[in-house]
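Student: Pasting in a structure now, in structure tokens, and then I'll have a few things to ask.
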Amino acid sequence: MSSWLGGIGSGLGQSLGQVGGSLSSFTGQISNFTKDMLLEGVEEVGDAATELQVSNSKLTEVEAAFTAQKSEYDRLKKLHAELEEKLEASEIQVKQQSAEYRSLLQQKDVEISHLKARQSGLQEEFQKLQHSAQSASVGPAMLPVTTTSTTTTSSSASSFLSRPSGSHQGFHGDEMDLSDVIWSQQEINRLSTEVMRLEAEVSHWRRMSQASKAAGSGNGDQSDILKLQRTIKELREEMSREVDEHQHELAALQDAQRQKMADITRRHREELAEYEERIEELEEQSGELHFEMLYCVGHASSPLDSSKLLDLQKTIRSLQEAADQREKQQAELTGSLEEARRKQDSLQLEKDEAQAENGELLQNYTRLQASVTELQTRVQEQEGKALQKAQLEHEIQGLRKALTAAEKEMQKLKSLSEAKPKEEVEHADILELNTIIGTLRQEKEILEQEKLNLQERLKVAEQQAVSSEGAEASEPEQLEELKAELERREKALRDTEEERDTIMSELEELDQQNQEATQHMISVKEQLSGQLKEAEAEVTRLSTELNATKDQKKALQQELETQKEKLSQSAYTLNELHMGKQQLESTAKELKDKLGHAQDQSREARKEISELKKTLQEREEQLSATKAQLTQVGERRTEAQGSREELAGKETELSDLRRELVEMRSSHEKVMSENYEMKMENRRLKAESEQAVGKVEELSRQMKDGQASLNRTVLEKDTRIEALKLEKGQLEGELSQTERTLAEQAKQYQQTIEELTRARSMDASALEMEHERTVKLNQEKDMEIAQLKRDMEQMASDHRDTNEMLSITVSGQKQLTDLLQEKDAFMETLKQNAADLQKEMENSISVVTKEAETLRHALEDKDKQLGGMKEDNSHLKEEIDRLRDQQSRPQPLAEPRTLDIITELETEITQLKSSRDALEEEVQTLRTTLEEQQASLLHSQQSLQAQQSELEQAHARHEQTTLNYDRLIHARDEEITRLQQTVDGLSEHQGHADPPPVQGEVILQEDKTQSLNGENGNEKHDLSKVEIERLVRGIKEKETEISQLNEKNLSLAKQVDQLVVSRDELGKLSQMVLQKDLEIQALHARVSMGGGHSQDVLFLQQQLQNYAVEREQVLAVLNEKTRENSQLRSDYHRIMDIMAGKEAALLKLQQENQRLSNMSDPSGSQEMFRETIQNLSRIIREKDIEIDALTQKCQTLVAVLQSSGGECGPGSGGVSSNQFEELLQERDTLKQQVKKMEEWKQQVITTVKNMQHESAQLQEELIKLQGQVSADSDCSSKLSVDYTRLIQSYEQKERRLGSLSQELAQVQQTISQLSTTKDVLLGKLDSVAQTPEVCVAAQASGPFLTAEPPSLQGAAPVNNENLQRERQSLQALLAERDAIIRTLQENNHRLSNSASASESEQRGQAEEARQVRERLDALQRSVREKDLLIKTKGDQLSHVSETLRNRENDNEVLKQAVTNLKERALIFEMDVKKLKEENELVAARSREKESEFRALQETNMQVSLLLREKEFEFSAMSEKAATLEKMLKDKEQGKSGELNQLLNEMKSMQDKAVAFQQERDQVMLALKQKQMETTAVQTELQHVKDKEQRLNLELDRLRNHLLEIEDSYTREALAAEDRETELRRRVALLDERLATSSSAVENASQQASMQVESLQEQLSGVVKQRDDALIQLRTSQEQVSQYAVSLSNLQMVLEQFQQEEKAMYSAELDKHKREKDEWRRKAEKLEDKASALQVNLDEANAALDSASRLTDQLDLKEEQLEELKKQVDVRQEMLEEAQDKLMNLLNSTEGKVDKVLMRNLFMGYFHTPKNKRSEVLRLMGSVLGLGREDVEKMLDEDGRHGVTGWVSSWLGGRGAQSVPNTPQRPTHGQGFNSSFSEMFVKFLEVESTPVLPPLMLPVHDIKPLSAPPPRRTSGAAPNLAAGAAAASKRAGESNPFLAPRSAAVPLLSSGGAGAGGAGGHLLMKPISDALPTFTPVPVSAEASAGAVLKDLLKQ
């Protein structure tokens, strides 16, 4: 049995070793092949012939490799079949043996039951036998027997117990190898030896007993012998029972082994199936390559061998099979295409039918055209039908568009499913291309048919024109007899012939034009068809190229994938998929571009068709015009035939004409007959047309039905299309997102590729780290940008919600205000009813309201506290939401770096274990905070209860007031009764009523109502303001606070209702009081009526006076109360204002906190945070409870086991005690972990407290900032006030200026008036001077006058500058004139005395006086005219002054505009400063939040990992408890199924471990996502900075605008100054004129002095005129003042208008700004779109370039492939030869020692420096097979004893261990003092690990790599090797293009011992011709390549 199992094990080992060797050689070949493939970019070939040779050589190499792979595959198949046969045989044998063992077991169980019954009886005999044996001499030797047997049994039991544990440990790994089989074989051998030993012991003791019996002295009776035999039997039974138990164990082990073998065989079969599939794929790929190479070879006529032809035939068969598969796929695709084509065919059939019907109608139309009228009617019908056809075509096109849209959507949906394999994607692309090409072809066919139809219509129109010409030519001949015409009109023949010639020429020209048009149409059509054909050819060519490139790409990708699946599936496949995606996207973009071109061409074709239709219509119009011309020609002919009579002279022509007449007659007869036939045909055609019309009607009906059905179908399709459009919209949104992400990923990948190509010569590891970091940052930023966009959308929706809430609250406020107004009206009525009662009532109400206000304040304080609590909770919630988001969010598909993540996590597990206890501490803090919250809630409840008690007290006070009123009413009742008694006594007397109290009442009521109304208004005003602010700001609060406010409102409403009830009661009481007052007044009236008893009246009057005094006192008290009430009201309002301000500040703080929380965590909600914290605390509590319960259970189980172990034997007790010691150790470790968790909890509590302190500091900073903001606002308000003051001062100065200008104008007017008066006076003087008395007067007063002029000249100096001087001079002149007048009067007296003598002279003088009066009248008339002129001039001057004022007003407006703009600029600067400050604040907050976020992330990670570890420990504890319970049960039942249970438990543990790893990965993904979110916050900050820059630009622009406005203002000011100068110039001119007039006045005065005598009578009139002028001056001055007042009023009105206009302009400006912002946004959006399109275009161009480059590179790579395949064949042959040689060498060189090696080692030791000699010794130890520990010991001894120690230990201490020294890594840091031999060893190590160059990518054209090719010793190789080694360590994070082969492909697939180095490869073994004798160096599979290389070097 054991030998047989050993044979099976050895056979399996050999076969698996062969499989491993073959697989290793196979993988080695593949790796070499991939290496050469990837190095192919270095080799470049010049000509085509060499290229062909290279390709042929590569083909041969590939074929050789293929044959080798096939042979390898056949050999593997054979091996597999043999292994399967062996396995089946072993399984059958195992089954038989297990069946036998089970039957034996059953028998043994029966025997055991029998033997147990016998055992109880035999034990007593055995004890007696022991006593007898002790009495005998051999007795002492018996005790050891029993003890040894018991010990052996116990040892066997212990070994049995220990072995299962070993097996249990063996099942830890996932892979099951032959070690278990070998162990079971060893176990069986051990058990068999033990059985043999026990049998030998039994026989020995049997012999001893026989000897003792022989040597006994007769006291051993027959009974003793029987007892001994019984004991022997019992021992044998026990032995058999133990054997049975061992067999039972063996059966269980065999079952486990069978399961293992079944798993192994299943895995082996799966691997074989995978290998077969891969080999088939390689065959297909090689076949495709063969076919392509054959194609190339066939073009370049190179002869092939017969073997090549056979191989090519094979490849052709494989290609045919692949083609059959492709044809099947094509058939499926065509089946799917035909479904879409059927719909189009059905639509095409409908269109064809419609076109056929149109054709038939057109034919009928051409036949039925007889006359012009018919032509016109038919043309109209045809146009109507053409319109119908156009409508039909339009509908068909719409349906076609809908179909194409649906197909496009289907294609998009297909393209969306990119998760499918690449072949399906390519099929979908082919489907899309086929459908698009089909649609294009159909459109082309439709367009061609339309062109043909148009051509037919053109031809028909031409035929119609010809036929119409013929008909019109024949009509005049038919109508008139030709004879009479010829006889009459022979003269006009030539004219008609000439006209005919001209008409014919015109017709020919028209025909030529028509032909040219048709030729142009034909050429256009040919061009279009050519363009269409070219487009189709391009599409087909591109599709073929695409298919070819796709096939090539598939072949290459399949090869790469098969090799990469073996090497590194995780890293390579993703990158290949990304590359494939990019290529597919580029090809799809190319196809889309080409499709777009084709669609543009089709659109152009459609446009040309529409143009052709237009030309057709124009031609038809020309045809109609030609027909009209023809009719005119016919009329001309009738006129022209009149002129033929002139040509009667020509007989020859007449004879010709006669002949023609005869011919015409014959033709006429023919025409008549034809006409008759035509008429017959016409009738027939009419019948046919009627039938056709009937058919047409039927067809129209059918068409209508079809249209109705079509409409229905169209409606259904529309609905479907709308649904599809909705889906399409969603899909397009998703598509756009995915396209954006894909485009961004593509950009990122291109950037990474460029960076890699740039930095491939640099150190690979550092570049990869930087590149990955940048890629991660990019992805994170993209994610955060998307998150921010989502947040923006959420904010917009929240904003809408808030707006809606605002509107709702405003409407609710309006309702509340209405209700308040109604209640106020009700209150006023109550007040008017009873003023006294009202006052007391108001006092009570004020008390109640004060209490209510106190309650409200308390409530608000509580609300504030609650708000603070909520904020704390919200912070905690946000943290937990972050944790949840991190856990829940899946990371976007980045490059899978699972190995990297696992390594990072394994490093972080150690860190996170230390952070385990932080969570528990945090939970404790949370518990404490919860308890504090509960306490605060209880406190708030108590305060509420206190408030309720206060309310009750207020109610009690209210009741007391009502009781006081009742008492007052009782007192009044008593007074009434007394007064009634007095009235009964004084019923006779009468008196007058007492008014004072009533007046007092009235006055009081009025005062009260007034005060109340005033208070009410103030209340309303203040309350409305507060309410509005509250509502506007409170909308943004949360729903919880809204609900609280609602509850408060309800409680307040209840209180108001209660107050209303109390008011009703008070109203009733007041009514009762009024009734009592009325009764009192009635009694007073009675008293006044009855006037008998004077004493009683006096008594009553005294009482009334007393009452009045009391009443006045009461009223005074009430007045004081009302005053106190009003003061309280004002205090209340003031407090309410303060409260409103505080609430506003609170709201601002809350908003700021919310904004901060939104900034820190945009996605999280606070409630989720709270729930997560509660859940975590609950989970931790539950875990703690479960852990405590499990520890208690474990302790109890330990106690039970210890007790049971004490009862059982010592062996079993030892086993259980070991297990319990382990459990106790675990418990101690758990306690330590718990302590650590508590420490971490305290740390977390401290961090939370720090965060709270920081938040408090932030709030304080916020408050400070708000204070600064308020201070800034105060400063700004002060500045604005100063500015307004300056503006007012400026305006006042301008007004003063205006008033001064007005005064100037008035002065000018006065001057002009004075000048006019002077002119008048001078005129009068001139008129007087003309009288004949001048001479006499001159003679009489000559000397006097001669004396006067100098005085006049001296007294009248004129100064033009100062008006005052002029006035003074004028006054002086007037005084002088008065003096002159007086002198003249005296002279007149004298003259009258002298003139009394002559009366005749007086009469003449009377006549002269009469004449003078007439002249005076004339002068007065002239004065009036001049006054009118003065008035007109004054009006003109006023007009000019008004224009000046308007200009000044315009200047003021412009100044105000400038000042406004300056204000705006200042405001903008302030806003910019504020924004900057806010940005800085936001940046600081974001930094703080980032730091907090990082801390929270770390704590979150620690907490989650702690939780997981807790759960893991809990599960482990529970499982251990379960195992302990099971062990107890097994101890009771018999330990039968222990092994299986342990196996199951181990499997469950493995599953759980895997689940925990997955959870850990998810946590890491969530962490990375949070990092992305932080980067998103940074991007948002950047956005804010950009916005700030934009605002700065806006500010600069506004400044420039302001400067421009100031420039314009200065220009206008200069213009105004110019105008002022002009006006001054005019004033100067007027002054000059005044001077001239003054001089004239002087001259006139000289003349007047001579003519004074005649002016005595006229002087009085002049004085009167002067007085009138003065009166007029005063009136004019008054008018001027009135005008000034009105002007000021008008200026005020104008300013108001200007202000309104300013408001209007500002509103319009704002509107324009908004519109401008909107347009700017739109422009930015369009620019973004344009940039995106530009980017897409650039990407498409880049993709086209890369595709062209790829095709070139693919050709190069195909040629290089062939070369490499040839090299692979050569290398394979060399390999096989080397393997044969190595096998021969190994067989021949066993047991030989190499002297050269020993010499080298010995010499190397002394040549190396002293600090490196220990490494040489280690190397020597590894060569000689010494263990590493032995070498280390010897080195220590060497360090102690010297050089002699190592020689002796080396020569003497050669151990047989085959454990080699693990070599140092090539990247180990070396000093410069290393020896040359070591450096050479390391160089060989580096060269032995092959390095792949980076993949050649299509971004830049492939240049020769900087990396040297293999087999070339260069300095760059070690660096690359080191980089590759580093990259192999970081397989997850490294770039897959730079992964070395050694990291991916192990040269040896380790069969049993585990994958390590590639030490066992045959190439690594030495080859030497001269073979010295040396012992073989044992090289294990675990030894690395470095050790073997060192061995090689030394040999």
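Chain identifiers are assigned as A, B, and so on, following the order in which chains appear in the structure tokens; residues are numbered from 1 within each chain, and ligands are numbered from 1 in order of appearance.
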Mind checking which residues fall within 8 Å of range 1304-1320 of chain A, counting only C-alpha atoms, ignoring those fewer than 3 positions away in the same chain, and posting them as a short mmCIF file (atom, residue, chain, number, x, y, z; two decimals) with all heavy atoms, in the first residue's frame?
Tutor:
```cif
data_model
loop_
_atom_site.label_atom_id
_atom_site.label_comp_id
_atom_site.auth_asym_id
_atom_site.auth_seq_id
_atom_site.Cartn_x
_atom_site.Cartn_y
_atom_site.Cartn_z
N LEU A 1300 -26.16 136.50 -10.43
CA LEU A 1300 -25.30 137.60 -10.86
C LEU A 1300 -25.48 137.90 -12.33
O LEU A 1300 -25.54 139.07 -12.76
CB LEU A 1300 -23.84 137.29 -10.57
CG LEU A 1300 -23.40 137.39 -9.08
CD1 LEU A 1300 -22.04 136.75 -8.90
CD2 LEU A 1300 -23.37 138.85 -8.65
N SER A 1301 -25.57 136.78 -13.13
CA SER A 1301 -25.77 136.99 -14.59
C SER A 1301 -27.12 137.69 -14.83
O SER A 1301 -27.23 138.56 -15.71
CB SER A 1301 -25.69 135.65 -15.30
OG SER A 1301 -26.73 134.82 -14.85
N GLY A 1323 -33.52 163.79 -29.94
CA GLY A 1323 -34.40 164.03 -31.10
C GLY A 1323 -35.26 165.27 -30.88
O GLY A 1323 -35.43 166.09 -31.79
N LYS A 1324 -35.78 165.35 -29.69
CA LYS A 1324 -36.62 166.52 -29.38
C LYS A 1324 -35.81 167.80 -29.51
O LYS A 1324 -36.28 168.82 -30.07
CB LYS A 1324 -37.21 166.40 -27.97
CG LYS A 1324 -38.33 165.38 -27.87
CD LYS A 1324 -38.79 165.24 -26.42
CE LYS A 1324 -39.87 164.17 -26.31
NZ LYS A 1324 -40.28 163.95 -24.91
N LEU A 1419 -42.79 163.01 -32.65
CA LEU A 1419 -41.69 162.47 -31.84
C LEU A 1419 -42.17 161.40 -30.86
O LEU A 1419 -41.51 160.38 -30.63
CB LEU A 1419 -41.01 163.61 -31.08
CG LEU A 1419 -40.07 164.50 -31.90
CD1 LEU A 1419 -39.74 165.77 -31.12
CD2 LEU A 1419 -38.78 163.76 -32.22
N VAL A 1423 -41.01 157.69 -30.47
CA VAL A 1423 -40.58 157.14 -29.17
C VAL A 1423 -41.27 155.80 -28.90
O VAL A 1423 -40.65 154.85 -28.42
CB VAL A 1423 -40.87 158.17 -28.05
CG1 VAL A 1423 -40.83 157.51 -26.68
CG2 VAL A 1423 -39.84 159.29 -28.08
N LYS A 1426 -39.73 153.22 -30.97
CA LYS A 1426 -38.44 152.81 -30.39
C LYS A 1426 -38.63 151.96 -29.13
O LYS A 1426 -37.84 151.04 -28.85
CB LYS A 1426 -37.60 154.04 -30.10
CG LYS A 1426 -37.02 154.61 -31.38
CD LYS A 1426 -36.07 155.76 -31.12
CE LYS A 1426 -35.54 156.28 -32.45
NZ LYS A 1426 -34.68 157.45 -32.29
N ASP A 1427 -39.68 152.28 -28.36
CA ASP A 1427 -39.98 151.41 -27.20
C ASP A 1427 -40.26 149.98 -27.63
O ASP A 1427 -39.82 149.00 -27.01
CB ASP A 1427 -41.18 151.97 -26.45
CG ASP A 1427 -40.82 153.21 -25.62
OD1 ASP A 1427 -39.65 153.31 -25.19
OD2 ASP A 1427 -41.71 154.03 -25.39
N ILE A 1430 -37.14 148.42 -28.48
CA ILE A 1430 -36.42 148.08 -27.23
C ILE A 1430 -36.99 146.78 -26.64
O ILE A 1430 -36.24 145.89 -26.17
CB ILE A 1430 -36.51 149.22 -26.23
CG1 ILE A 1430 -35.61 150.38 -26.69
CG2 ILE A 1430 -36.09 148.79 -24.83
CD1 ILE A 1430 -36.01 151.73 -26.11
N GLY A 1434 -35.09 143.46 -26.03
CA GLY A 1434 -35.06 142.84 -24.69
C GLY A 1434 -35.49 141.37 -24.73
O GLY A 1434 -34.91 140.52 -24.06
N LEU A 1634 -22.70 153.63 -25.85
CA LEU A 1634 -23.13 154.53 -24.80
C LEU A 1634 -22.25 155.78 -24.76
O LEU A 1634 -22.72 156.92 -24.62
CB LEU A 1634 -23.08 153.81 -23.45
CG LEU A 1634 -24.28 153.99 -22.51
CD1 LEU A 1634 -24.20 152.98 -21.39
CD2 LEU A 1634 -24.32 155.37 -21.91
N SER A 1637 -23.12 157.91 -27.56
CA SER A 1637 -24.41 158.58 -27.27
C SER A 1637 -24.22 159.72 -26.26
O SER A 1637 -24.83 160.78 -26.36
CB SER A 1637 -25.43 157.57 -26.75
OG SER A 1637 -25.01 157.08 -25.50
N VAL A 1641 -25.06 163.45 -26.62
CA VAL A 1641 -25.87 164.19 -25.62
C VAL A 1641 -25.22 165.53 -25.29
O VAL A 1641 -25.88 166.58 -25.15
CB VAL A 1641 -26.09 163.32 -24.36
CG1 VAL A 1641 -26.56 164.18 -23.18
CG2 VAL A 1641 -27.11 162.24 -24.66
N LEU A 1673 -39.84 151.60 -15.22
CA LEU A 1673 -38.62 150.92 -14.75
C LEU A 1673 -38.93 150.07 -13.51
O LEU A 1673 -38.50 148.93 -13.39
CB LEU A 1673 -37.55 151.95 -14.42
CG LEU A 1673 -36.09 151.59 -14.74
CD1 LEU A 1673 -35.23 152.85 -14.76
CD2 LEU A 1673 -35.53 150.64 -13.72
N GLN A 1677 -38.73 146.18 -13.12
CA GLN A 1677 -37.90 145.52 -12.08
C GLN A 1677 -38.72 144.50 -11.29
O GLN A 1677 -38.25 143.41 -10.97
CB GLN A 1677 -37.31 146.57 -11.15
CG GLN A 1677 -36.11 147.30 -11.74
CD GLN A 1677 -35.58 148.39 -10.84
OE1 GLN A 1677 -36.21 148.72 -9.82
NE2 GLN A 1677 -34.46 149.01 -11.22
N VAL A 1680 -39.12 141.59 -13.38
CA VAL A 1680 -37.86 140.82 -13.40
C VAL A 1680 -37.75 139.96 -12.14
O VAL A 1680 -37.35 138.79 -12.19
CB VAL A 1680 -36.66 141.78 -13.55
CG1 VAL A 1680 -35.35 141.09 -13.14
CG2 VAL A 1680 -36.58 142.28 -14.97
#
```
Student: Show which residues sit within 10 Å of range 904-909 of chain A, as a list of chain:residue names. Count only C-alpha atoms, and ignore same-chain residues fewer than 2 positions away.
Tutor: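 Counting only the stated atoms, we get A:Thr898, A:Leu899, A:Asp900, A:Ile901, A:Ile902, A:Gln911, A:Leu912, A:Lys913, A:Ser914, A:Ser915, A:Met1501, A:Gln1502, A:Leu1505, A:Leu1506, A:Glu1509, A:Gln1557, A:Arg1560, A:Asp1561, A:Met1564.
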Student: Report as an NGL selection string all protein, DNA and RNA residues lying within 10 Å of Lys525 in chain A, evaluated on only C-alpha atoms, omitting residues in the same chain fewer than 2 positions from it.
Tutor: :A and (447-448 or 451-452 or 519-523 or 527-531 or 605 or 608-609)
Student: Could you give me, as a list of chain:residue names, the residues within 8 Å of Val539 in chain A, counting only C-alpha atoms and dropping anything in the same chain fewer than 3 positions from it?
Tutor: A:Ile437, A:Ala535, A:Glu536, A:Leu542, A:Ser543, A:Lys594
Student: List as a PyMOL selection string the protein and nucleic acid residues near range 948-952 of chain A, meaning an atom at most 9 Å away when only C-alpha atoms are counted, but skip any in the same chain fewer than 3 places from it.
Tutor: chain A and resi 848+851-852+855+943-945+955-957
Student: If we count only C-alpha atoms and set the cut-off at 12 Å, which residues sit around Asp1417 in chain A, ignoring sequence neighbours fewer than 5 positions away in its own chain? Please answer as a list in words.
Tutor: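 Close residues of Asp1417 in chain A: Lys1324, Ser1327, Arg1410, Gln1411, Val1412, Ser1422, Val1423, Arg1424, Gln1658 and Gly1661 of chain A.
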Student: Using N, CA, C and O atoms, can you export the residues from the last selection as a PDB file, in the first residue's frame?
Tutor:
```pdb
ATOM      1  N   LYS A1324     -35.780 165.348 -29.686  1.00  0.00           N
ATOM      2  CA  LYS A1324     -36.619 166.522 -29.383  1.00  0.00           C
ATOM      3  C   LYS A1324     -35.813 167.805 -29.505  1.00  0.00           C
ATOM      4  O   LYS A1324     -36.278 168.823 -30.067  1.00  0.00           O
ATOM      5  N   SER A1327     -35.299 168.753 -33.041  1.00  0.00           N
ATOM      6  CA  SER A1327     -36.513 169.351 -33.625  1.00  0.00           C
ATOM      7  C   SER A1327     -36.688 170.814 -33.158  1.00  0.00           C
ATOM      8  O   SER A1327     -37.111 171.671 -33.902  1.00  0.00           O
ATOM      9  N   ARG A1410     -47.884 175.537 -32.282  1.00  0.00           N
ATOM     10  CA  ARG A1410     -48.761 174.464 -32.786  1.00  0.00           C
ATOM     11  C   ARG A1410     -47.958 173.492 -33.642  1.00  0.00           C
ATOM     12  O   ARG A1410     -48.096 172.272 -33.525  1.00  0.00           O
ATOM     13  N   GLN A1411     -47.110 174.093 -34.489  1.00  0.00           N
ATOM     14  CA  GLN A1411     -46.251 173.224 -35.305  1.00  0.00           C
ATOM     15  C   GLN A1411     -45.357 172.347 -34.440  1.00  0.00           C
ATOM     16  O   GLN A1411     -45.136 171.155 -34.702  1.00  0.00           O
ATOM     17  N   VAL A1412     -44.824 172.968 -33.384  1.00  0.00           N
ATOM     18  CA  VAL A1412     -43.942 172.217 -32.466  1.00  0.00           C
ATOM     19  C   VAL A1412     -44.695 171.061 -31.806  1.00  0.00           C
ATOM     20  O   VAL A1412     -44.179 169.967 -31.617  1.00  0.00           O
ATOM     21  N   SER A1422     -42.616 158.309 -32.682  1.00  0.00           N
ATOM     22  CA  SER A1422     -41.300 157.656 -32.921  1.00  0.00           C
ATOM     23  C   SER A1422     -40.771 157.022 -31.629  1.00  0.00           C
ATOM     24  O   SER A1422     -40.158 155.961 -31.632  1.00  0.00           O
ATOM     25  N   VAL A1423     -41.015 157.694 -30.469  1.00  0.00           N
ATOM     26  CA  VAL A1423     -40.579 157.141 -29.170  1.00  0.00           C
ATOM     27  C   VAL A1423     -41.268 155.797 -28.904  1.00  0.00           C
ATOM     28  O   VAL A1423     -40.651 154.846 -28.419  1.00  0.00           O
ATOM     29  N   ARG A1424     -42.587 155.778 -29.214  1.00  0.00           N
ATOM     30  CA  ARG A1424     -43.312 154.501 -29.008  1.00  0.00           C
ATOM     31  C   ARG A1424     -42.722 153.384 -29.878  1.00  0.00           C
ATOM     32  O   ARG A1424     -42.535 152.249 -29.435  1.00  0.00           O
ATOM     33  N   GLN A1658     -42.453 172.616 -23.277  1.00  0.00           N
ATOM     34  CA  GLN A1658     -42.221 171.164 -23.502  1.00  0.00           C
ATOM     35  C   GLN A1658     -41.604 170.476 -22.289  1.00  0.00           C
ATOM     36  O   GLN A1658     -41.640 169.265 -22.163  1.00  0.00           O
ATOM     37  N   GLY A1661     -43.878 168.320 -20.125  1.00  0.00           N
ATOM     38  CA  GLY A1661     -44.161 167.005 -20.782  1.00  0.00           C
ATOM     39  C   GLY A1661     -43.001 166.026 -20.628  1.00  0.00           C
ATOM     40  O   GLY A1661     -43.180 164.846 -20.346  1.00  0.00           O
TER      41      GLY A1661
END
```
